[in-house]
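Peer 1: Compact mmCIF, C-alpha atoms and all ligand atoms, saved as final-v6.txt, coming up:
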# COMPACT_ATOMS: atom_id res chain seq x y z
CA MET Y 23 102.37 133.77 73.12
CA LYS Y 24 104.80 133.77 76.02
CA THR Y 25 108.56 133.33 75.99
CA ILE Y 26 109.38 130.42 78.28
CA ILE Y 27 112.78 129.20 79.42
CA LEU Y 28 112.61 125.40 79.71
CA ILE Y 29 115.52 123.96 81.69
CA GLY Y 30 116.36 120.27 81.29
CA ALA Y 31 114.52 120.27 77.98
CA LYS Y 32 116.17 117.14 76.60
CA GLY Y 33 115.49 115.06 79.70
CA LYS Y 34 112.45 112.86 80.12
CA MET Y 35 110.59 115.33 82.29
CA GLY Y 36 111.72 118.17 80.02
CA GLN Y 37 110.15 116.45 77.03
CA ALA Y 38 106.95 115.93 79.02
CA ALA Y 39 106.87 119.63 79.91
CA LEU Y 40 107.56 120.61 76.31
CA SER Y 41 104.47 118.70 75.18
CA GLY Y 42 102.33 121.14 77.17
CA LEU Y 43 104.00 124.35 76.03
CA GLY Y 44 103.27 124.12 72.31
CA LYS Y 45 101.58 127.50 71.93
CA HIS Y 46 104.55 129.41 73.28
CA LYS Y 47 108.05 130.37 72.23
CA VAL Y 48 110.19 127.92 74.21
CA VAL Y 49 113.88 128.69 74.78
CA THR Y 50 115.62 125.49 75.89
CA ALA Y 51 118.58 124.94 78.20
CA SER Y 52 120.45 122.07 79.82
CA ARG Y 53 123.76 121.41 81.54
CA SER Y 54 125.56 120.08 78.46
CA GLY Y 55 123.78 122.33 75.97
CA ASN Y 56 123.47 119.32 73.64
CA GLY Y 57 120.44 119.95 71.46
CA THR Y 58 119.36 123.00 73.47
CA ASP Y 59 119.60 126.75 72.86
CA HIS Y 60 121.65 127.46 76.00
CA CYS Y 61 123.91 125.85 78.58
CA VAL Y 62 123.12 126.28 82.26
CA ASP Y 63 124.20 124.64 85.48
CA ILE Y 64 121.43 125.22 88.00
CA THR Y 65 123.85 124.52 90.87
CA ASN Y 66 125.90 127.58 89.88
CA GLU Y 67 124.55 131.07 90.57
CA ASP Y 68 126.69 132.77 87.89
CA SER Y 69 125.51 130.25 85.31
CA ILE Y 70 121.84 130.93 86.17
CA ARG Y 71 122.40 134.68 85.94
CA ASN Y 72 124.19 134.25 82.63
CA LEU Y 73 121.26 132.27 81.19
CA TYR Y 74 118.72 134.91 82.20
CA GLN Y 75 120.87 137.69 80.79
CA GLN Y 76 121.39 135.84 77.51
CA VAL Y 77 117.67 135.19 77.02
CA GLY Y 78 116.69 138.75 77.96
CA ASP Y 79 112.90 139.17 78.00
CA PHE Y 80 110.96 136.15 79.24
CA ASP Y 81 107.58 135.46 80.83
CA ALA Y 82 108.12 132.09 82.47
CA VAL Y 83 110.74 129.70 83.74
CA VAL Y 84 109.92 125.99 83.69
CA ASN Y 85 112.50 123.84 85.42
CA THR Y 86 112.58 120.07 85.07
CA VAL Y 87 116.06 119.54 86.54
CA GLY Y 88 116.79 118.07 89.94
CA GLU Y 89 119.66 115.62 90.18
CA CYS Y 90 119.06 113.03 92.90
CA GLU Y 91 121.29 110.42 94.47
CA TYR Y 92 119.67 107.10 95.38
CA ALA Y 93 120.87 104.86 98.24
CA PRO Y 94 119.59 103.33 101.47
CA PHE Y 95 119.52 106.00 104.19
CA SER Y 96 122.21 104.21 106.23
CA GLU Y 97 124.58 104.25 103.25
CA MET Y 98 123.86 107.72 101.91
CA ALA Y 99 127.01 109.80 102.37
CA GLU Y 100 126.87 113.51 103.08
CA LYS Y 101 128.27 114.18 99.60
CA GLN Y 102 125.28 112.36 98.09
CA TRP Y 103 122.91 114.40 100.23
CA SER Y 104 124.75 117.54 99.19
CA THR Y 105 124.51 116.73 95.47
CA THR Y 106 120.76 116.29 95.78
CA VAL Y 107 120.23 119.34 97.97
CA GLN Y 108 122.38 121.57 95.75
CA SER Y 109 120.50 120.52 92.62
CA LYS Y 110 116.90 119.60 93.41
CA MET Y 111 116.46 122.01 96.32
CA MET Y 112 118.89 124.96 96.17
CA GLY Y 113 119.24 124.89 92.38
CA GLN Y 114 115.50 125.37 92.01
CA ILE Y 115 115.24 127.92 94.81
CA ASN Y 116 118.05 129.91 93.18
CA LEU Y 117 116.27 129.83 89.83
CA VAL Y 118 113.42 131.72 91.50
CA ARG Y 119 115.55 133.91 93.78
CA ILE Y 120 117.73 135.15 90.90
CA GLY Y 121 114.89 134.99 88.40
CA LEU Y 122 112.98 137.69 90.29
CA GLU Y 123 115.53 140.18 88.99
CA TYR Y 124 115.00 139.25 85.35
CA ILE Y 125 111.51 137.85 84.72
CA LYS Y 126 108.75 140.10 83.34
CA GLU Y 127 105.87 141.38 85.47
CA ASN Y 128 103.19 138.70 85.95
CA GLY Y 129 105.78 136.07 85.10
CA SER Y 130 105.69 132.53 86.46
CA PHE Y 131 108.06 129.89 87.75
CA THR Y 132 107.25 126.19 87.56
CA LEU Y 133 109.45 123.78 89.52
CA ILE Y 134 109.68 120.00 89.71
CA SER Y 135 109.23 117.81 92.80
CA GLY Y 136 107.94 114.22 92.57
CA ILE Y 137 105.53 111.75 94.13
CA LEU Y 138 108.10 109.96 96.29
CA ASN Y 139 107.57 112.43 99.15
CA VAL Y 140 103.94 111.28 99.25
CA LYS Y 141 104.51 107.61 98.39
CA PRO Y 142 107.94 106.68 99.81
CA ILE Y 143 110.04 103.87 98.35
CA PRO Y 144 113.42 102.42 99.36
CA LEU Y 145 116.56 104.27 98.18
CA ALA Y 146 114.77 107.54 97.45
CA ILE Y 147 115.08 109.40 100.75
CA ALA Y 148 117.05 112.33 99.28
CA ASP Y 149 114.67 112.73 96.34
CA ALA Y 150 111.68 112.60 98.71
CA VAL Y 151 113.05 115.10 101.22
CA THR Y 152 114.09 117.64 98.58
CA SER Y 153 110.76 117.22 96.80
CA SER Y 154 109.02 118.08 100.07
CA ALA Y 155 111.27 121.12 100.36
CA ILE Y 156 110.22 122.31 96.91
CA ASP Y 157 106.53 121.71 97.64
CA SER Y 158 106.88 123.79 100.83
CA PHE Y 159 108.94 126.43 99.07
CA VAL Y 160 106.33 127.20 96.42
CA LYS Y 161 103.51 127.36 98.97
CA CYS Y 162 105.42 129.74 101.25
CA VAL Y 163 107.29 131.93 98.79
CA SER Y 164 104.16 132.63 96.75
CA TYR Y 165 103.15 135.14 99.47
CA GLU Y 166 106.37 137.09 98.91
CA LEU Y 167 106.55 137.30 95.13
CA PRO Y 168 106.31 140.84 93.71
CA LYS Y 169 104.66 142.25 90.57
CA GLY Y 170 102.02 139.59 90.00
CA MET Y 171 104.55 136.79 89.75
CA ARG Y 172 103.48 133.19 90.40
CA VAL Y 173 105.25 129.98 91.39
CA ASN Y 174 104.04 126.35 91.39
CA ALA Y 175 105.52 122.88 91.65
CA ILE Y 176 104.60 119.88 89.50
CA ASN Y 177 104.58 116.73 91.62
CA PRO Y 178 104.20 113.81 89.20
CA THR Y 179 104.40 110.09 89.57
CA VAL Y 180 106.81 108.28 87.26
CA ILE Y 181 106.12 108.80 83.58
CA GLU Y 182 105.86 105.97 81.07
CA GLU Y 183 108.92 107.28 79.22
CA ALA Y 184 111.04 106.78 82.39
CA TRP Y 185 109.58 103.43 83.48
CA GLY Y 186 112.59 101.60 82.01
CA VAL Y 187 114.86 103.54 84.38
CA TYR Y 188 112.76 103.61 87.57
CA GLY Y 189 110.29 100.74 87.14
CA ASP Y 190 112.34 98.18 89.09
CA MET Y 191 112.55 100.59 92.04
CA MET Y 192 108.82 101.24 92.03
CA PRO Y 193 106.80 98.02 92.27
CA GLY Y 194 103.09 98.73 92.52
CA PHE Y 195 103.28 102.14 90.87
CA GLN Y 196 101.33 102.95 87.73
CA PRO Y 197 103.24 105.20 85.31
CA VAL Y 198 101.38 107.97 83.48
CA PRO Y 199 102.02 109.31 79.98
CA GLY Y 200 104.43 112.23 79.83
CA SER Y 201 101.77 114.12 77.89
CA LEU Y 202 99.51 114.06 80.99
CA VAL Y 203 102.28 115.67 83.02
CA GLY Y 204 102.68 118.15 80.16
CA LYS Y 205 99.11 119.29 80.87
CA ALA Y 206 100.09 120.07 84.46
CA PHE Y 207 102.95 122.26 83.25
CA GLU Y 208 100.50 123.96 80.90
CA ARG Y 209 98.09 124.64 83.77
CA SER Y 210 100.89 126.15 85.81
CA VAL Y 211 102.11 128.42 83.01
CA ASP Y 212 98.79 129.39 81.41
CA GLY Y 213 96.43 129.34 84.39
CA PHE Y 214 96.20 131.52 87.48
CA LEU Y 215 97.44 129.00 90.04
CA ASN Y 216 99.97 130.35 92.52
CA GLY Y 217 101.69 128.60 95.41
CA GLU Y 218 100.21 125.27 94.36
CA VAL Y 219 101.60 121.76 94.21
CA ILE Y 220 100.05 120.23 91.11
CA TYR Y 221 99.93 116.46 91.58
CA VAL Y 222 99.78 114.07 88.63
CA ASP Y 223 99.22 110.49 89.73
CA ALA Y 224 97.47 107.46 88.32
N1 LIG M 301 111.16 110.86 85.07
C1 LIG M 301 110.11 110.74 85.89
O1 LIG M 301 109.22 109.88 85.74
C2 LIG M 301 109.97 111.70 87.04
C3 LIG M 301 108.82 111.69 87.83
C4 LIG M 301 108.72 112.60 88.88
C5 LIG M 301 109.74 113.50 89.13
N2 LIG M 301 110.84 113.49 88.32
C6 LIG M 301 111.92 114.43 88.59
O2 LIG M 301 112.22 115.16 87.43
C7 LIG M 301 113.59 115.53 87.43
C8 LIG M 301 114.20 115.19 86.07
O3 LIG M 301 114.07 113.80 85.86
P1 LIG M 301 114.28 113.17 84.40
O4 LIG M 301 113.75 111.78 84.46
O5 LIG M 301 113.76 114.11 83.35
O6 LIG M 301 115.88 113.12 84.29
P2 LIG M 301 116.76 112.97 82.97
O7 LIG M 301 115.98 112.33 81.87
O8 LIG M 301 118.03 112.33 83.42
O9 LIG M 301 117.07 114.47 82.52
C9 LIG M 301 117.80 115.31 83.32
C10 LIG M 301 118.01 116.65 82.60
O10 LIG M 301 118.56 117.56 83.55
C11 LIG M 301 119.70 118.20 82.98
N3 LIG M 301 120.59 118.54 84.10
C12 LIG M 301 121.11 117.72 85.05
N4 LIG M 301 121.80 118.44 85.95
C13 LIG M 301 121.74 119.74 85.54
C14 LIG M 301 122.25 120.95 86.05
N5 LIG M 301 123.00 120.99 87.16
N6 LIG M 301 121.96 122.09 85.41
C15 LIG M 301 121.21 122.08 84.28
N7 LIG M 301 120.69 120.97 83.75
C16 LIG M 301 120.96 119.81 84.38
C17 LIG M 301 120.27 117.21 82.00
O11 LIG M 301 121.01 117.90 81.05
P3 LIG M 301 122.26 117.22 80.31
O12 LIG M 301 121.74 115.95 79.71
O13 LIG M 301 122.67 118.23 79.32
O14 LIG M 301 123.27 116.96 81.40
C18 LIG M 301 118.98 116.61 81.43
O15 LIG M 301 118.46 117.46 80.43
C19 LIG M 301 114.23 114.81 88.64
O16 LIG M 301 114.35 115.69 89.72
C20 LIG M 301 113.22 113.72 88.95
O17 LIG M 301 113.23 113.36 90.33
C21 LIG M 301 110.99 112.62 87.30
Once you've parsed the file, please lay out its structure as structure tokens.
Peer 2:
Amino acid sequence: MKTIILIGAKGKMGQAALSGLGKHKVVTASRSGNGTDHCVDITNEDSIRNLYQQVGDFDAVVNTVGECEYAPFSEMAEKQWSTTVQSKMMGQINLVRIGLEYIKENGSFTLISGILNVKPIPLAIADAVTSSAIDSFVKCVSYELPKGMRVNAINPTVIEEAWGVYGDMMPGFQPVPGSLVGKAFERSVDGFLNGEVIYVDA
């Protein structure tokens, strides 16, 4: 049994990830801390450090947080780009960068990207671009991780549990059950994959 920090645990993707981590001790965290074991703001370095110090020994970090702003490219203000970059891109990169100091040997990091960098739709340019950044990040940084550590990204299509939120934006997409995406998280944590983008699409 591993000790896994699951960030964004109460969100839709967090619940999907949780469904694949049943055989482990899962320590949960989110921005508000509502219904989770810890509070963390992944856009704040001190907050990330604080979370890792509070948890102490852990074998894996699974992140399902990446706040994205949605607008047509011509209307997307720099602040909206910045929000998305600071959360979905730099927040996740910092979880790994700082996590190297705290995670156990042979530990793993699993990040979230999303299918919109492969299948673009209107309004989602910032989500798509930062998802591509995360997919590139895991491929490239895997060569530099010390002590047997691994890193992967889960790149899912929309899940059924989120179809009510995103369905209108995504005509022609087929949602998948969150439990299927949970299997991808399980493969990342319990397998030997490293530097991989694990796609889950219908
Ligand atoms: N849902 C899908 O079908 C789907 C598919 C592919 C990719 N994704 C990606 O998955 C990610 C999560 O989506 P979701 O649908 O699960 O969103 P969600 O249901 O709105 O959940 C978001 C979660 O993130 C937490 N959070 C937000 N900002 C945070 C921060 N700065 N620090 C720590 N926690 C923070 C929230 O915590 P609080 O509630 O406490 O604020 C909440 O637990 C997004 O990047 C999305 O693009 C989603």
Peer 1: Enumerate residues in contact with ligand LIG 301 (chain M): an atom-to-atom distance of at most 7 Å, counting all atoms listed in the file. Format the result as a PDB file with C-alpha atoms, keeping the file's coordinate frame.
Peer 2:
ATOM      1  CA  ILE Y  29     115.520 123.960  81.690  1.00  0.00           C
ATOM      2  CA  GLY Y  30     116.360 120.270  81.290  1.00  0.00           C
ATOM      3  CA  ALA Y  31     114.520 120.270  77.980  1.00  0.00           C
ATOM      4  CA  LYS Y  32     116.170 117.140  76.600  1.00  0.00           C
ATOM      5  CA  GLY Y  33     115.490 115.060  79.700  1.00  0.00           C
ATOM      6  CA  LYS Y  34     112.450 112.860  80.120  1.00  0.00           C
ATOM      7  CA  MET Y  35     110.590 115.330  82.290  1.00  0.00           C
ATOM      8  CA  GLY Y  36     111.720 118.170  80.020  1.00  0.00           C
ATOM      9  CA  SER Y  52     120.450 122.070  79.820  1.00  0.00           C
ATOM     10  CA  ARG Y  53     123.760 121.410  81.540  1.00  0.00           C
ATOM     11  CA  SER Y  54     125.560 120.080  78.460  1.00  0.00           C
ATOM     12  CA  GLY Y  55     123.780 122.330  75.970  1.00  0.00           C
ATOM     13  CA  ASN Y  56     123.470 119.320  73.640  1.00  0.00           C
ATOM     14  CA  VAL Y  62     123.120 126.280  82.260  1.00  0.00           C
ATOM     15  CA  ASP Y  63     124.200 124.640  85.480  1.00  0.00           C
ATOM     16  CA  ILE Y  64     121.430 125.220  88.000  1.00  0.00           C
ATOM     17  CA  THR Y  65     123.850 124.520  90.870  1.00  0.00           C
ATOM     18  CA  THR Y  86     112.580 120.070  85.070  1.00  0.00           C
ATOM     19  CA  VAL Y  87     116.060 119.540  86.540  1.00  0.00           C
ATOM     20  CA  GLY Y  88     116.790 118.070  89.940  1.00  0.00           C
ATOM     21  CA  GLU Y  89     119.660 115.620  90.180  1.00  0.00           C
ATOM     22  CA  CYS Y  90     119.060 113.030  92.900  1.00  0.00           C
ATOM     23  CA  SER Y 109     120.500 120.520  92.620  1.00  0.00           C
ATOM     24  CA  LYS Y 110     116.900 119.600  93.410  1.00  0.00           C
ATOM     25  CA  ILE Y 134     109.680 120.000  89.710  1.00  0.00           C
ATOM     26  CA  SER Y 135     109.230 117.810  92.800  1.00  0.00           C
ATOM     27  CA  GLY Y 136     107.940 114.220  92.570  1.00  0.00           C
ATOM     28  CA  ILE Y 137     105.530 111.750  94.130  1.00  0.00           C
ATOM     29  CA  ASP Y 149     114.670 112.730  96.340  1.00  0.00           C
ATOM     30  CA  ASN Y 177     104.580 116.730  91.620  1.00  0.00           C
ATOM     31  CA  PRO Y 178     104.200 113.810  89.200  1.00  0.00           C
ATOM     32  CA  THR Y 179     104.400 110.090  89.570  1.00  0.00           C
ATOM     33  CA  VAL Y 180     106.810 108.280  87.260  1.00  0.00           C
ATOM     34  CA  ILE Y 181     106.120 108.800  83.580  1.00  0.00           C
ATOM     35  CA  GLU Y 182     105.860 105.970  81.070  1.00  0.00           C
ATOM     36  CA  ALA Y 184     111.040 106.780  82.390  1.00  0.00           C
ATOM     37  CA  TRP Y 185     109.580 103.430  83.480  1.00  0.00           C
TER      38      TRP Y 185
END
Peer 1: Please give the centre and size of the box around range 131-149 of chain Y (axis-aligned, containing every atom listed in the file, 3 Å added per side), with values in Å to one decimal and written as AutoDock Vina command-line options.
Peer 2:
--center_x 110.5 --center_y 116.2 --center_z 94.2 --size_x 19.1 --size_y 33.5 --size_z 19.2
Peer 1: Report, in Å to a single decimal, how far apart CA of Val219 in chain Y and CA of Lys126 in chain Y are.
Peer 2: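 Separation of CA of Lys126 in chain Y and CA of Val219 in chain Y: 22.5 Å.
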Peer 1: If you measure from CA of Gly186 in chain Y to CA of Ala150 in chain Y, what distance in Å do you get, rounded to one decimal?
Peer 2: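 Spanning CA of Gly186 in chain Y to CA of Ala150 in chain Y is a straight-line distance of 20.0 Å.
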Peer 1: In terms of the shortest atom-to-atom distance over all atoms listed in the file, which of Y:Ala175, Y:Leu145, Y:Cys61, Y:Val151 is closest to Glu208 in chain Y?
Peer 2: Y:Ala175
Peer 1: Tell me which of Y:Thr105, Y:Glu127, Y:Tyr188, Y:Leu43 sits closest to Ser210 in chain Y, counting all atoms listed in the file.
Peer 2: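 The closest residue to Ser210 in chain Y is Y:Leu43.
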Peer 1: Give me the residues near Lys169 in chain Y as number ranges by chain, where near means some atom within 12 Å (using only C-alpha atoms) and where sequence neighbours in that chain fewer than 6 positions away do not count.
Peer 2: Y: 122-130
Peer 1: So, with only C-alpha atoms as the atoms that count, which of Y:Arg172, Y:Pro199, Y:Tyr165, Y:Ala148 lies closest to Ala99 in chain Y?
Peer 2: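 For Ala99 in chain Y, the nearest of the given residues is Y:Ala148.
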Peer 1: Which value, in Å to one decimal, gives the distance between CA of Ser96 in chain Y and CA of Gln196 in chain Y?
Peer 2: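 These atoms are spaced 27.9 Å apart.
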Peer 1: Which of these, Y:Asp223, Y:Glu183, Y:Asp212, Y:Glu166, has the shortest distance to Met23 in chain Y once you count only C-alpha atoms?
Peer 2: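 Among the listed residues, the smallest separation from Met23 in chain Y belongs to Y:Asp212.
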Peer 1: With only C-alpha atoms as the atoms that count, which of Y:Thr106, Y:Gln75, Y:Asn85, Y:Ser154 lies nearest to Gln37 in chain Y?
Peer 2: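 With only C-alpha atoms as the atom set, the closest residue is Y:Asn85.
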Peer 1: With only C-alpha atoms as the counted atoms, please give the residues lying no more than 8 Å from range 66-72 of chain Y, apart from itself and same-chain residues fewer than 4 positions off, as a list in words.
Peer 2: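 Selected residues are Val62, Gln76, Gly113, Asn116, Leu117, Ile120 and Gly121 of chain Y.
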Peer 1: From the options Y:Met171, Y:Ala93, Y:Cys162, Y:Gly194, which residue's atoms come nearest to Pro144 in chain Y, counting only C-alpha atoms?
Peer 2: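 Closest residue, counting only C-alpha atoms: Y:Ala93.
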Peer 1: Name the residues, using the chain letters and numbers of the file, that sit within 10 Å of (116.0, 125.5, 101.0) when counting only C-alpha atoms, and give them as a PyMOL selection string.
Peer 2: chain Y and resi 107-108+110-116+152+155-156+158-159
Peer 1: I need the residues from that last selection saved to file as a compact mmCIF listing (two decimals), keeping the file's coordinate frame (with C-alpha atoms), if you can.
Peer 2:
# COMPACT_ATOMS: atom_id res chain seq x y z
CA VAL Y 107 120.23 119.34 97.97
CA GLN Y 108 122.38 121.57 95.75
CA LYS Y 110 116.90 119.60 93.41
CA MET Y 111 116.46 122.01 96.32
CA MET Y 112 118.89 124.96 96.17
CA GLY Y 113 119.24 124.89 92.38
CA GLN Y 114 115.50 125.37 92.01
CA ILE Y 115 115.24 127.92 94.81
CA ASN Y 116 118.05 129.91 93.18
CA THR Y 152 114.09 117.64 98.58
CA ALA Y 155 111.27 121.12 100.36
CA ILE Y 156 110.22 122.31 96.91
CA SER Y 158 106.88 123.79 100.83
CA PHE Y 159 108.94 126.43 99.07
Peer 1: Starting from the block above, write range 71-131 of chain Y out to a file with C-alpha atoms, as a PDB file, in the first residue's frame, please.
Peer 2:
ATOM      1  CA  ARG Y  71       5.683  23.103   0.529  1.00  0.00           C
ATOM      2  CA  ASN Y  72       3.423  23.291   3.555  1.00  0.00           C
ATOM      3  CA  LEU Y  73       1.256  20.437   2.238  1.00  0.00           C
ATOM      4  CA  TYR Y  74       4.248  18.175   1.631  1.00  0.00           C
ATOM      5  CA  GLN Y  75       5.675  18.943   5.059  1.00  0.00           C
ATOM      6  CA  GLN Y  76       2.344  18.276   6.768  1.00  0.00           C
ATOM      7  CA  VAL Y  77       1.869  14.912   5.054  1.00  0.00           C
ATOM      8  CA  GLY Y  78       5.465  13.829   5.692  1.00  0.00           C
ATOM      9  CA  ASP Y  79       6.182  10.439   4.089  1.00  0.00           C
ATOM     10  CA  PHE Y  80       4.447   9.829   0.771  1.00  0.00           C
ATOM     11  CA  ASP Y  81       5.003   7.688  -2.321  1.00  0.00           C
ATOM     12  CA  ALA Y  82       2.957   9.493  -4.945  1.00  0.00           C
ATOM     13  CA  VAL Y  83       1.361  12.794  -5.836  1.00  0.00           C
ATOM     14  CA  VAL Y  84      -1.737  12.714  -8.036  1.00  0.00           C
ATOM     15  CA  ASN Y  85      -2.873  16.137  -9.162  1.00  0.00           C
ATOM     16  CA  THR Y  86      -6.261  16.732 -10.755  1.00  0.00           C
ATOM     17  CA  VAL Y  87      -6.258  20.537 -10.458  1.00  0.00           C
ATOM     18  CA  GLY Y  88      -5.787  22.943 -13.324  1.00  0.00           C
ATOM     19  CA  GLU Y  89      -7.989  26.015 -13.376  1.00  0.00           C
ATOM     20  CA  CYS Y  90      -8.705  27.156 -16.930  1.00  0.00           C
ATOM     21  CA  GLU Y  91     -10.292  30.286 -18.336  1.00  0.00           C
ATOM     22  CA  TYR Y  92     -12.488  29.855 -21.422  1.00  0.00           C
ATOM     23  CA  ALA Y  93     -12.996  32.577 -24.059  1.00  0.00           C
ATOM     24  CA  PRO Y  94     -12.479  33.168 -27.775  1.00  0.00           C
ATOM     25  CA  PHE Y  95      -8.784  33.823 -28.449  1.00  0.00           C
ATOM     26  CA  SER Y  96      -9.475  37.412 -29.568  1.00  0.00           C
ATOM     27  CA  GLU Y  97     -11.213  38.170 -26.270  1.00  0.00           C
ATOM     28  CA  MET Y  98      -8.916  36.317 -23.899  1.00  0.00           C
ATOM     29  CA  ALA Y  99      -7.194  38.913 -21.711  1.00  0.00           C
ATOM     30  CA  GLU Y 100      -3.667  38.433 -20.439  1.00  0.00           C
ATOM     31  CA  LYS Y 101      -5.053  38.000 -16.912  1.00  0.00           C
ATOM     32  CA  GLN Y 102      -7.116  35.042 -18.128  1.00  0.00           C
ATOM     33  CA  TRP Y 103      -4.050  33.530 -19.777  1.00  0.00           C
ATOM     34  CA  SER Y 104      -2.105  34.130 -16.588  1.00  0.00           C
ATOM     35  CA  THR Y 105      -4.720  32.416 -14.395  1.00  0.00           C
ATOM     36  CA  THR Y 106      -4.591  29.341 -16.604  1.00  0.00           C
ATOM     37  CA  VAL Y 107      -0.812  29.288 -16.916  1.00  0.00           C
ATOM     38  CA  GLN Y 108      -0.280  29.796 -13.175  1.00  0.00           C
ATOM     39  CA  SER Y 109      -2.638  26.945 -12.304  1.00  0.00           C
ATOM     40  CA  LYS Y 110      -2.680  24.305 -15.033  1.00  0.00           C
ATOM     41  CA  MET Y 111       0.924  24.769 -16.147  1.00  0.00           C
ATOM     42  CA  MET Y 112       3.128  26.302 -13.427  1.00  0.00           C
ATOM     43  CA  GLY Y 113       1.046  24.947 -10.540  1.00  0.00           C
ATOM     44  CA  GLN Y 114       1.597  21.412 -11.781  1.00  0.00           C
ATOM     45  CA  ILE Y 115       5.251  21.961 -12.668  1.00  0.00           C
ATOM     46  CA  ASN Y 116       5.829  23.352  -9.173  1.00  0.00           C
ATOM     47  CA  LEU Y 117       4.162  20.317  -7.606  1.00  0.00           C
ATOM     48  CA  VAL Y 118       6.897  18.216  -9.218  1.00  0.00           C
ATOM     49  CA  ARG Y 119       9.753  20.700  -8.777  1.00  0.00           C
ATOM     50  CA  ILE Y 120       9.099  21.111  -5.043  1.00  0.00           C
ATOM     51  CA  GLY Y 121       7.910  17.538  -4.632  1.00  0.00           C
ATOM     52  CA  LEU Y 122      11.364  16.215  -5.553  1.00  0.00           C
ATOM     53  CA  GLU Y 123      12.561  17.434  -2.164  1.00  0.00           C
ATOM     54  CA  TYR Y 124       9.909  15.522  -0.229  1.00  0.00           C
ATOM     55  CA  ILE Y 125       8.705  12.426  -2.109  1.00  0.00           C
ATOM     56  CA  LYS Y 126      10.142   8.988  -1.269  1.00  0.00           C
ATOM     57  CA  GLU Y 127      12.601   7.171  -3.538  1.00  0.00           C
ATOM     58  CA  ASN Y 128      10.823   5.513  -6.480  1.00  0.00           C
ATOM     59  CA  GLY Y 129       7.913   7.889  -5.966  1.00  0.00           C
ATOM     60  CA  SER Y 130       5.637   9.042  -8.770  1.00  0.00           C
ATOM     61  CA  PHE Y 131       3.872  12.180  -9.914  1.00  0.00           C
TER      62      PHE Y 131
END
